[in-house]
$ cat my_file_25.cif   # mmCIF, C-alpha atoms
data_final
#
loop_
_atom_site.label_atom_id
_atom_site.label_comp_id
_atom_site.auth_asym_id
_atom_site.auth_seq_id
_atom_site.Cartn_x
_atom_site.Cartn_y
_atom_site.Cartn_z
CA MET C 1 14.71 -4.66 -50.04
CA ILE C 2 15.91 -8.23 -49.90
CA PRO C 3 15.20 -9.63 -46.45
CA PHE C 4 17.99 -12.23 -46.50
CA GLY C 5 15.68 -14.54 -44.58
CA LEU C 6 15.63 -12.16 -41.59
CA LYS C 7 13.16 -9.73 -40.14
CA LEU C 8 14.53 -6.30 -40.91
CA SER C 9 14.86 -3.65 -38.27
CA VAL C 10 16.30 -0.91 -40.42
CA VAL C 11 16.85 2.35 -38.62
CA LEU C 12 18.73 4.22 -41.34
CA VAL C 13 20.65 2.72 -44.25
CA LEU C 14 23.28 4.52 -46.32
CA LEU C 15 25.12 2.89 -49.21
CA LEU C 16 27.98 5.35 -49.19
CA GLY C 17 30.08 3.88 -51.94
CA PHE C 18 30.58 0.97 -54.22
CA THR C 19 33.55 0.88 -56.59
CA TYR C 20 34.94 -1.65 -58.97
CA HIS C 21 37.21 -1.59 -62.04
CA ARG C 22 36.77 -3.28 -65.40
CA VAL C 23 39.70 -4.01 -67.73
CA ASP C 24 37.47 -4.69 -70.67
CA GLY C 25 33.79 -5.13 -71.46
CA LEU C 26 32.90 -1.56 -70.48
CA CYS C 27 29.43 -0.45 -71.32
CA SER C 28 28.76 0.56 -74.89
CA VAL C 29 28.79 4.31 -75.47
CA GLN C 30 26.09 3.86 -78.08
CA HIS C 31 23.80 2.26 -75.51
CA CYS C 32 24.65 4.65 -72.67
CA THR C 33 21.42 6.61 -72.78
CA ASN C 34 20.07 6.12 -69.26
CA SER C 35 22.08 8.30 -66.87
CA THR C 36 20.76 6.47 -63.82
CA ARG C 37 22.46 3.27 -65.02
CA CYS C 38 25.27 4.39 -67.28
CA LEU C 39 27.73 7.26 -66.79
CA LEU C 40 29.60 8.84 -69.70
CA SER C 41 33.11 10.23 -69.32
CA LYS C 42 33.68 13.98 -69.75
CA ASP C 43 34.95 13.46 -73.28
CA GLN C 44 32.04 11.07 -73.89
CA MET C 45 34.44 8.55 -75.35
CA THR C 46 33.96 5.94 -72.64
CA CYS C 47 31.33 5.03 -70.11
CA LYS C 48 30.91 2.99 -66.94
CA CYS C 49 28.00 1.50 -65.11
CA ALA C 50 26.43 3.42 -62.25
CA THR C 51 26.60 1.99 -58.75
CA GLY C 52 24.53 -1.17 -58.50
CA TYR C 53 24.33 -1.96 -62.22
CA TYR C 54 26.46 -4.17 -64.43
CA GLY C 55 26.56 -5.75 -67.88
CA ASP C 56 27.85 -4.54 -71.23
CA GLN C 57 24.78 -2.29 -71.47
CA CYS C 58 24.50 -1.62 -67.73
CA ASP C 59 21.04 -3.13 -67.88
CA LYS C 60 21.41 -5.61 -65.02
CA ASP C 61 20.59 -4.73 -61.43
CA ALA C 62 23.04 -6.21 -58.93
CA GLU C 63 20.44 -5.76 -56.17
CA ILE C 64 23.06 -4.57 -53.73
CA ARG C 65 21.38 -4.30 -50.35
CA VAL C 66 22.51 -3.13 -46.95
CA VAL C 67 20.52 -4.23 -43.92
CA CYS C 68 21.09 -2.50 -40.58
CA GLY C 69 19.57 -4.67 -37.88
CA LYS C 70 19.44 -3.96 -34.19
CA ASN C 71 22.37 -6.30 -33.50
CA TYR C 72 23.80 -7.08 -36.94
CA LEU C 73 24.96 -5.55 -40.25
CA ILE C 74 24.49 -7.18 -43.66
CA ILE C 75 25.55 -6.44 -47.21
CA GLY C 76 24.82 -8.64 -50.19
CA ALA C 77 24.42 -8.72 -53.98
CA LYS C 78 23.45 -11.17 -56.70
CA GLU C 79 25.83 -14.03 -57.36
CA ASP C 80 25.64 -13.22 -61.08
CA PHE C 81 27.09 -9.75 -60.43
CA PHE C 82 30.23 -11.23 -58.89
CA LYS C 83 30.51 -13.89 -61.57
CA TYR C 84 30.30 -11.22 -64.25
CA HIS C 85 33.43 -9.69 -62.72
CA ASN C 86 35.08 -13.09 -62.20
CA VAL C 87 35.06 -12.72 -58.40
CA PRO C 88 34.67 -16.09 -56.66
CA LEU C 89 32.87 -16.39 -53.34
CA GLN C 90 36.00 -17.56 -51.49
CA SER C 91 37.76 -14.28 -52.30
CA LEU C 92 35.11 -12.05 -50.64
CA HIS C 93 35.76 -10.84 -47.11
CA LEU C 94 35.72 -7.81 -44.84
CA ALA C 95 38.89 -5.95 -43.82
CA ASN C 96 39.72 -8.90 -41.60
CA LYS C 97 39.98 -11.82 -44.02
CA SER C 98 38.62 -14.23 -41.42
CA CYS C 99 35.20 -12.55 -41.80
CA ARG C 100 34.17 -14.24 -45.06
CA ALA C 101 31.05 -13.90 -47.19
CA GLN C 102 28.65 -16.76 -47.73
CA LYS C 103 26.17 -17.83 -50.36
CA VAL C 104 22.44 -17.79 -49.64
CA VAL C 105 19.47 -18.59 -51.83
CA ILE C 106 16.36 -16.42 -51.51
CA GLY C 107 13.33 -16.97 -53.67
CA GLY C 108 15.32 -19.14 -56.04
CA GLU C 109 17.97 -16.40 -56.55
CA SER C 110 21.55 -16.81 -55.28
CA TYR C 111 23.30 -14.02 -53.38
CA TYR C 112 26.74 -13.51 -51.89
CA VAL C 113 26.21 -12.08 -48.41
CA SER C 114 28.37 -10.80 -45.56
CA ARG C 115 26.63 -10.77 -42.19
CA ILE C 116 28.28 -9.85 -38.87
CA SER C 117 27.00 -9.00 -35.41
CA LYS C 118 27.81 -5.66 -33.82
CA ASP C 119 29.94 -7.51 -31.30
CA LEU C 120 32.31 -8.49 -34.12
CA TYR C 121 32.40 -5.05 -35.72
CA ALA C 122 35.88 -4.15 -34.51
CA THR C 123 37.21 -7.70 -34.94
CA CYS C 124 36.13 -7.77 -38.58
CA GLY C 125 37.90 -4.52 -39.35
CA GLY C 126 35.16 -1.98 -38.86
CA LYS C 127 36.28 1.62 -39.18
CA PRO C 128 36.35 3.88 -36.08
CA LEU C 129 32.81 4.71 -35.02
CA GLU C 130 31.61 8.15 -36.04
CA LYS C 131 29.52 9.79 -33.31
CA ASN C 132 27.58 12.97 -32.82
CA PHE C 133 24.78 14.01 -30.48
CA THR C 134 22.09 12.28 -32.49
CA HIS C 135 23.56 9.33 -34.41
CA ILE C 136 26.30 6.75 -34.53
CA THR C 137 27.76 5.38 -37.77
CA TYR C 138 29.22 1.93 -38.43
CA SER C 139 31.33 1.69 -41.61
CA LEU C 140 32.69 -1.45 -43.26
CA SER C 141 34.15 -2.55 -46.59
CA LEU C 142 33.52 -5.80 -48.46
CA LEU C 143 36.61 -6.63 -50.52
CA SER C 144 37.70 -9.22 -53.01
CA ASP C 145 41.20 -10.67 -53.24
CA PRO C 146 43.04 -10.02 -56.49
CA GLN C 147 43.04 -13.01 -58.79
CA VAL C 148 46.68 -13.58 -59.66
CA THR C 149 47.67 -15.41 -62.82
CA GLY C 150 51.41 -15.97 -62.90
CA ASN C 151 52.74 -12.56 -62.09
CA ILE C 152 49.84 -10.52 -63.43
CA ILE C 153 46.31 -9.55 -62.31
CA ARG C 154 43.70 -9.29 -64.98
CA ASN C 155 40.35 -9.43 -63.21
CA PRO C 156 39.05 -6.46 -61.24
CA VAL C 157 39.18 -6.08 -57.50
CA ILE C 158 35.83 -5.18 -56.01
CA LYS C 159 35.41 -2.96 -52.99
CA MET C 160 32.03 -2.16 -51.49
CA ASP C 161 32.01 0.53 -48.80
CA TYR C 162 28.83 0.59 -46.76
CA SER C 163 27.57 2.20 -43.58
CA CYS C 164 24.76 1.87 -41.09
CA VAL C 165 23.63 4.97 -39.22
CA TYR C 166 21.66 4.48 -36.00
CA PRO C 167 19.94 6.95 -33.72
CA TYR C 168 21.72 6.33 -30.46
CA ILE C 169 18.69 5.52 -28.30
CA ARG C 170 18.55 1.82 -27.63
CA ARG C 171 19.04 1.01 -23.98
CA ILE C 172 19.84 2.88 -20.81
CA SER C 173 21.85 1.29 -18.07
CA LEU C 174 23.57 2.57 -14.99
CA PRO C 175 25.64 0.13 -12.92
CA PHE C 176 25.33 2.10 -9.69
CA PRO C 177 23.22 4.88 -8.18
CA LEU C 178 24.70 8.25 -7.40
CA VAL C 179 23.80 10.09 -4.20
CA PRO C 180 25.22 13.64 -4.34
CA PHE C 181 23.30 16.83 -3.58
CA SER C 182 23.09 17.46 -7.30
CA SER C 183 22.58 14.03 -8.78
CA GLU C 184 24.12 13.69 -12.25
CA ALA C 185 24.42 10.34 -14.00
CA VAL C 186 26.24 9.48 -17.21
CA MET C 187 24.09 6.85 -18.88
CA ARG C 188 25.31 4.55 -21.58
CA VAL C 189 22.97 4.54 -24.58
CA ASP C 190 24.44 2.04 -26.99
CA GLU C 191 27.98 3.35 -27.56
CA LEU C 192 27.31 6.97 -26.61
CA ASP C 193 26.72 8.83 -23.37
CA ALA C 194 23.74 10.87 -22.24
CA LYS C 195 23.88 12.96 -19.08
CA ILE C 196 20.82 13.22 -16.86
CA GLN C 197 20.67 15.43 -13.78
CA MET C 198 18.28 15.56 -10.83
CA MET C 199 18.17 18.67 -8.63
CA LEU C 200 15.96 20.17 -5.93
CA TYR C 201 14.92 23.82 -6.09
CA LYS C 202 13.82 26.24 -3.40
CA ASP C 203 10.54 27.33 -4.98
CA GLN C 204 8.22 26.91 -7.96
CA SER C 205 10.26 29.30 -10.11
CA TYR C 206 12.99 26.64 -10.46
CA THR C 207 15.68 29.32 -10.53
CA VAL C 208 17.64 28.68 -7.32
CA ALA C 209 18.76 25.13 -6.64
CA TYR C 210 19.98 23.81 -3.31
CA SER C 211 23.77 23.86 -3.17
CA GLY C 212 23.97 21.51 -0.20
CA ALA C 213 21.82 19.02 1.62
CA PRO C 214 18.43 20.77 1.75
CA THR C 215 16.47 21.15 4.99
CA ILE C 216 12.71 21.36 4.40
CA GLU C 217 9.84 21.66 6.83
CA LEU C 218 7.04 19.13 6.96
CA ARG C 219 4.24 19.82 4.46
CA ASP C 220 6.34 22.37 2.56
CA LYS C 221 6.63 21.77 -1.19
CA VAL C 222 9.65 19.89 -2.50
CA TYR C 223 10.43 21.00 -6.07
CA VAL C 224 12.22 18.38 -8.17
CA GLU C 225 13.70 18.76 -11.65
CA VAL C 226 15.08 15.93 -13.80
CA ARG C 227 16.79 17.10 -16.98
CA VAL C 228 18.81 15.67 -19.88
CA THR C 229 21.82 17.99 -19.94
CA GLU C 230 23.67 16.34 -22.84
CA PRO C 231 22.54 16.28 -25.56
CA ALA C 232 20.15 19.10 -24.69
CA ASP C 233 16.62 19.20 -26.09
CA PHE C 234 16.92 16.02 -28.14
CA PHE C 235 15.52 13.11 -26.15
CA LEU C 236 12.12 12.81 -24.58
CA LEU C 237 12.53 12.02 -20.90
CA ARG C 238 10.16 9.87 -18.91
CA ILE C 239 10.19 9.18 -15.18
CA ASN C 240 8.88 5.70 -14.54
CA GLU C 241 9.01 5.56 -10.75
CA CYS C 242 10.03 7.80 -7.88
CA TRP C 243 10.14 6.82 -4.23
CA ALA C 244 11.68 7.94 -0.97
CA THR C 245 13.63 5.86 1.55
CA GLN C 246 15.24 6.43 4.94
CA SER C 247 18.38 4.71 3.65
CA SER C 248 20.67 5.92 0.87
CA GLN C 249 20.15 2.49 -0.70
CA PRO C 250 17.11 2.55 -3.00
CA LYS C 251 15.69 -0.79 -1.89
CA GLU C 252 16.41 -0.78 1.85
CA GLY C 253 14.16 0.04 4.78
CA SER C 254 10.92 2.00 4.69
CA VAL C 255 9.68 3.11 1.26
CA HIS C 256 7.10 5.70 0.23
CA THR C 257 6.10 5.79 -3.47
CA LEU C 258 5.56 9.12 -5.21
CA LEU C 259 5.32 8.06 -8.88
CA LEU C 260 4.47 4.59 -10.17
CA ASN C 261 4.67 3.57 -13.84
CA GLY C 262 4.91 7.21 -14.80
CA CYS C 263 1.74 8.17 -12.92
CA VAL C 264 1.04 9.97 -9.65
CA ASP C 265 0.90 7.64 -6.64
CA ASP C 266 1.00 10.29 -3.90
CA GLN C 267 -1.92 12.71 -3.92
CA THR C 268 0.35 15.69 -3.24
CA VAL C 269 2.42 15.15 -6.41
CA SER C 270 1.96 17.66 -9.24
CA PHE C 271 3.80 17.99 -12.56
CA HIS C 272 4.88 21.48 -13.62
CA ASN C 273 5.28 22.82 -17.12
CA MET C 274 8.34 24.78 -18.21
CA SER C 275 5.95 27.70 -18.78
CA LYS C 276 5.00 29.47 -15.58
CA GLY C 277 1.58 28.69 -14.21
CA GLU C 278 0.89 25.72 -16.47
CA SER C 279 0.61 22.09 -15.44
CA GLY C 280 2.97 19.67 -17.13
CA ARG C 281 3.04 16.02 -18.13
CA ASN C 282 5.51 13.21 -17.83
CA GLY C 283 7.39 12.26 -21.01
CA GLU C 284 6.71 15.35 -23.11
CA SER C 285 10.17 16.93 -23.19
CA SER C 286 13.78 16.51 -22.08
CA THR C 287 12.98 18.17 -18.73
CA ILE C 288 10.49 17.05 -16.10
CA ARG C 289 9.47 19.11 -13.08
CA TYR C 290 7.25 17.93 -10.27
CA SER C 291 6.62 18.67 -6.61
CA PHE C 292 5.31 16.91 -3.52
CA ASP C 293 4.61 17.79 0.08
CA MET C 294 7.45 17.11 2.49
CA PHE C 295 6.92 14.25 4.93
CA ARG C 296 8.87 12.07 7.31
CA PHE C 297 8.92 8.41 8.17
CA THR C 298 7.72 7.22 11.54
CA GLY C 299 11.21 6.12 12.57
CA GLU C 300 13.72 8.22 14.43
CA SER C 301 15.57 9.33 11.29
CA HIS C 302 14.82 12.92 10.29
CA SER C 303 16.13 12.64 6.72
CA LEU C 304 15.21 10.81 3.55
CA TYR C 305 16.59 9.98 0.09
CA LEU C 306 14.82 10.37 -3.25
CA HIS C 307 15.19 7.79 -6.03
CA CYS C 308 13.82 7.86 -9.59
CA THR C 309 14.01 5.38 -12.47
CA ILE C 310 14.01 7.05 -15.86
CA GLN C 311 14.13 6.21 -19.55
CA LEU C 312 14.90 8.13 -22.73
CA CYS C 313 12.75 8.07 -25.86
CA GLU C 314 13.43 9.10 -29.42
CA PRO C 315 11.89 12.44 -30.42
CA ASP C 316 9.32 10.73 -32.63
CA ASP C 317 8.42 8.21 -29.92
CA TYR C 318 6.09 10.64 -28.17
CA LYS C 319 3.18 8.23 -27.85
CA SER C 320 4.99 5.43 -26.05
CA CYS C 321 6.98 7.84 -23.89
CA THR C 322 3.87 9.47 -22.40
CA PRO C 323 2.17 7.27 -19.77
CA ASN C 324 -1.57 6.73 -19.93
CA CYS C 325 -2.58 7.40 -16.36
CA ASN C 326 -6.31 7.19 -17.06
CA SER C 327 -6.20 3.44 -17.53
CA ILE C 328 -5.47 1.09 -14.63
CA THR C 329 -4.63 -1.70 -17.07
CA LYS C 330 -2.16 0.52 -18.88
CA ARG C 331 -0.53 1.57 -15.61
CA GLU C 332 0.02 -2.03 -14.68
CA ALA C 333 1.43 -2.88 -18.10
CA VAL C 334 3.96 -0.06 -18.24
CA ARG C 335 6.45 -1.68 -15.87
CA GLY C 336 8.55 -3.11 -18.70
CA ASP C 337 12.09 -4.43 -18.70
CA PRO C 338 14.19 -2.97 -15.83
CA THR C 339 17.30 -3.09 -18.03
CA ASN C 340 15.76 -0.28 -20.09
CA GLN C 341 15.80 2.06 -17.10
CA GLY C 342 18.39 4.23 -15.41
CA LEU C 343 18.45 5.15 -11.73
CA LEU C 344 19.03 8.54 -10.13
CA SER C 345 19.29 9.06 -6.36
CA TYR C 346 19.41 12.29 -4.38
CA GLY C 347 19.99 12.95 -0.72
CA PRO C 348 19.97 13.32 2.10
CA ILE C 349 16.97 15.63 2.35
CA ARG C 350 16.68 16.71 5.95
CA ILE C 351 13.37 17.34 7.67
CA GLU C 352 13.21 20.53 9.69
CA MET C 353 11.40 19.58 12.87
CA PRO C 354 9.59 22.29 14.88
CA ASP C 355 11.08 22.93 18.32
CA ARG C 356 9.34 20.84 20.93
CA PRO C 357 7.54 23.04 23.47
CA HIS C 358 9.51 21.70 26.44
CA SER C 359 9.08 24.95 28.44
CA SER C 360 5.34 24.99 27.84
CA ILE C 361 4.94 21.42 28.94
CA LEU C 362 7.10 22.06 31.99
CA MET C 363 5.09 25.14 32.92
CA ALA C 364 1.85 23.28 32.32
CA VAL C 365 2.96 20.66 34.82
CA VAL C 366 4.89 22.82 37.24
CA LEU C 367 2.33 25.59 37.61
CA PRO C 368 -0.54 23.39 38.83
CA VAL C 369 1.82 21.54 41.15
CA ALA C 370 3.26 24.82 42.39
CA ALA C 371 -0.25 26.13 42.87
CA VAL C 372 -1.17 23.10 44.97
CA TRP C 373 1.95 23.47 47.08
CA THR C 374 1.31 27.19 47.44
CA VAL C 375 -2.26 26.64 48.53
CA GLY C 376 -1.07 23.93 50.91
CA PHE C 377 1.58 26.23 52.29
CA PHE C 378 -0.93 29.00 52.94
CA LEU C 379 -3.32 26.52 54.53
CA ILE C 380 -0.58 25.38 56.88
CA ILE C 381 0.19 28.98 57.76
CA LEU C 382 -3.47 29.72 58.34
CA ILE C 383 -3.93 26.65 60.49
CA THR C 384 -0.82 27.51 62.52
CA VAL C 385 -1.95 31.11 62.93
CA ALA C 386 -5.43 29.91 63.87
CA LYS C 387 -4.02 27.49 66.43
CA ALA C 388 -1.77 30.20 67.86
CA GLY C 389 -4.68 32.59 68.07
CA SER C 390 -6.80 29.96 69.76
CA ARG C 391 -4.11 29.30 72.38
CA ARG C 392 -3.73 32.97 73.10
CA LEU C 393 -7.49 33.35 73.45
CA THR C 394 -7.61 30.46 75.90
CA GLN C 395 -4.78 31.95 77.96
CA VAL C 396 -6.54 35.34 78.09
CA GLU C 397 -9.76 33.73 79.26
CA LEU C 398 -7.94 31.79 81.99
CA HIS C 399 -6.24 34.94 83.28
CA SER C 400 -9.52 36.77 83.34
CA GLN C 401 -11.05 34.15 85.53
#
$ encode --input "my_file_25.cif" --output "structure tokens"
Amino acid sequence: MIPFGLKLSVVLVLLLGFTYHRVDGLCSVQHCTNSTRCLLSKDQMTCKCATGYYGDQCDKDAEIRVVCGKNYLIIGAKEDFFKYHNVPLQSLHLANKSCRAQKVVIGGESYYVSRISKDLYATCGGKPLEKNFTHITYSLSLLSDPQVTGNIIRNPVIKMDYSCVYPYIRRISLPFPLVPFSSEAVMRVDELDAKIQMMLYKDQSYTVAYSGAPTIELRDKVYVEVRVTEPADFFLLRINECWATQSSQPKEGSVHTLLLNGCVDDQTVSFHNMSKGESGRNGESSTIRYSFDMFRFTGESHSLYLHCTIQLCEPDDYKSCTPNCNSITKREAVRGDPTNQGLLSYGPIRIEMPDRPHSSILMAVVLPVAAVWTVGFFLIILITVAKAGSRRLTQVELHSQ
């Protein structure tokens, strides 16, 4: 492929169609023996050159190339091909005539090239984007103006239809966090949407999700599931970081980290496989399940919010989507560009506090005090009785004398 002086980043290239019309100089039927270059008519009386070839014997390669870069689209062919059809450079353009072709020289060979950025796709007359769950297609046409002589047109008009088909995983971005009980975010991945949902479940079976703000006791397991709901079972999902806050805002107040750079940062965190009883890993499928032990912050608030940054990977990008948690260096290097991450938030999650034993404490204090006062009361009674008895005894003794 001709690089056109650029580093290629070709995802998928389709040259859907290239058509042109000759008035004369069609290929020679006698020389039309190679079906890959020359095509005979049904009656085998005429022939025409196959796409990408030209010349009276269809023996010249136009070297038509389509380059689908990350941010640009290019089509080009040899200058000699256009000259053979009497098409000057100044007549070549996209659907919008302001988007003109240019001449470039590569390796001593001259080419007519049209190069536009994706930002100018619509401006230059790009056709409506074709989208499905897995790919997005950009389609353009390179045209030549008819060469008018007097009131007739003799030279052919060339039209090159070309397309670039991209898997629609490029970048994830979410302008704001969502904080519902079932957190679902629509993430923009290039020009298409992917839906990711975070939910909390009542037990390790992951069958019954909380329908409202969950209330969980300290040290009980919190079961979290993050899933790509649309398109289902296509992307690989990776959780980069998860943390809890007292505030609904992900970066305010006290913070406790659960996952860092895709790896466990809280010793109670465990990943769960979709299959029952098996441990799971981060980044291996479109669904991630993990759990941690419920806790609370030292402040007065008895609720917390859960936040996770996530990214999507192409199905064949398994290696880079799975974090290497055995290497400290790798864990530090995984942080990456924050613009390639989406944010999910969930909450509030309320902490169920055990009832404080007020009655027990009261009894523990009151009983000893009551006992002291009771003992004191009986001592007073005894002393009074003793004094009364003593007085009576004294009076009896005096009378007896």
$ closest_residue --input "my_file_25.cif" --among "C:Cys49, C:Cys308, C:Cys242, C:Leu142" --to "C:Arg37" --atoms "all atoms listed in the file"
C:Cys49
$ residues_around --input "my_file_25.cif" --residues "C:Ala232" --least-positions-apart "3" --cutoff "10 Å" --atoms "all atoms listed in the file" --output "ChimeraX atom specification"
/C:133,194-196,227-229,235,286-287
$ residues_around --input "my_file_25.cif" --residues "C:Gly125" --least-positions-apart "5" --cutoff "12 Å" --atoms "all atoms listed in the file" --output "ChimeraX atom specification"
/C:93-100,116,118-120,138-143
$ closest_residue --input "my_file_25.cif" --among "C:Tyr121, C:Leu39, C:Ile158, C:Tyr206" --to "C:Leu89" --atoms "all atoms listed in the file"
C:Ile158
$ closest_residue --input "my_file_25.cif" --among "C:Lys131, C:Tyr290, C:Arg238, C:Gln267" --to "C:Asp203" --atoms "all atoms listed in the file"
C:Tyr290
$ resolve_selection --input "my_file_25.cif" --expression "the PyMOL selection byres ((chain C and resi 309) around 7)" --output "PyMOL selection string"
chain C and resi 239-242+307-308+310+341-344
$ write_last_selection --input "my_file_25.cif" --atoms "C-alpha atoms" --output "short mmCIF file (atom, residue, chain, number, x, y, z; two decimals), keeping the file's coordinate frame"
data_model
loop_
_atom_site.label_atom_id
_atom_site.label_comp_id
_atom_site.auth_asym_id
_atom_site.auth_seq_id
_atom_site.Cartn_x
_atom_site.Cartn_y
_atom_site.Cartn_z
CA ILE C 239 10.19 9.18 -15.18
CA ASN C 240 8.88 5.70 -14.54
CA GLU C 241 9.01 5.56 -10.75
CA CYS C 242 10.03 7.80 -7.88
CA HIS C 307 15.19 7.79 -6.03
CA CYS C 308 13.82 7.86 -9.59
CA ILE C 310 14.01 7.05 -15.86
CA GLN C 341 15.80 2.06 -17.10
CA GLY C 342 18.39 4.23 -15.41
CA LEU C 343 18.45 5.15 -11.73
CA LEU C 344 19.03 8.54 -10.13
#
$ residues_around --input "my_file_25.cif" --residues "C:Val104" --least-positions-apart "5" --cutoff "8 Å" --atoms "all atoms listed in the file" --output "PyMOL selection string"
chain C and resi 4+110-113
$ closest_residue --input "my_file_25.cif" --among "C:Leu218, C:Ile75, C:Cys32, C:Ile351" --to "C:Ala62" --atoms "all atoms listed in the file"
C:Ile75
$ atom_distance --input "my_file_25.cif" --atom1 "atom CA of C:Arg289" --atom2 "atom CA of C:Met274"
7.7 Å
$ resolve_selection --input "my_file_25.cif" --expression "the PyMOL selection byres ((chain C and resi 27) around 9)" --output "list in words"
Gly25, Leu26, Ser28, Val29, Gln30, His31, Cys32, Cys38, Thr46, Cys47, Lys48, Cys49, Tyr54, Gly55, Asp56, Gln57 and Cys58 of chain C
$ atom_distance --input "my_file_25.cif" --atom1 "atom CA of C:Leu73" --atom2 "atom CA of C:Ser117"
6.3 Å
$ closest_atom_pairs --input "my_file_25.cif" --of "stretch 192-304 of chain C" --to "stretch 313-316 of chain C" --cutoff "9 Å" --atoms "all atoms listed in the file" --output "CSV"
residue,atom,partner,partner_atom,distance
C:Phe234,CA,C:Pro315,CA,6.6
C:Phe235,CA,C:Glu314,CA,5.6
C:Leu236,CA,C:Cys313,CA,5.0
C:Leu237,CA,C:Cys313,CA,6.3
C:Arg238,CA,C:Cys313,CA,7.6
C:Gly283,CA,C:Cys313,CA,8.4
C:Ser285,CA,C:Pro315,CA,8.7
$ residues_around --input "my_file_25.cif" --residues "C:Val269" --least-positions-apart "5" --cutoff "9 Å" --atoms "all atoms listed in the file" --output "PyMOL selection string"
chain C and resi 258-259+264+290-293
$ closest_residue --input "my_file_25.cif" --among "C:Glu252, C:Glu217, C:Asp59, C:Asp233" --to "C:Ser35" --atoms "all atoms listed in the file"
C:Asp59
$ atom_distance --input "my_file_25.cif" --atom1 "atom CA of C:Tyr223" --atom2 "atom CA of C:Asp317"
27.1 Å
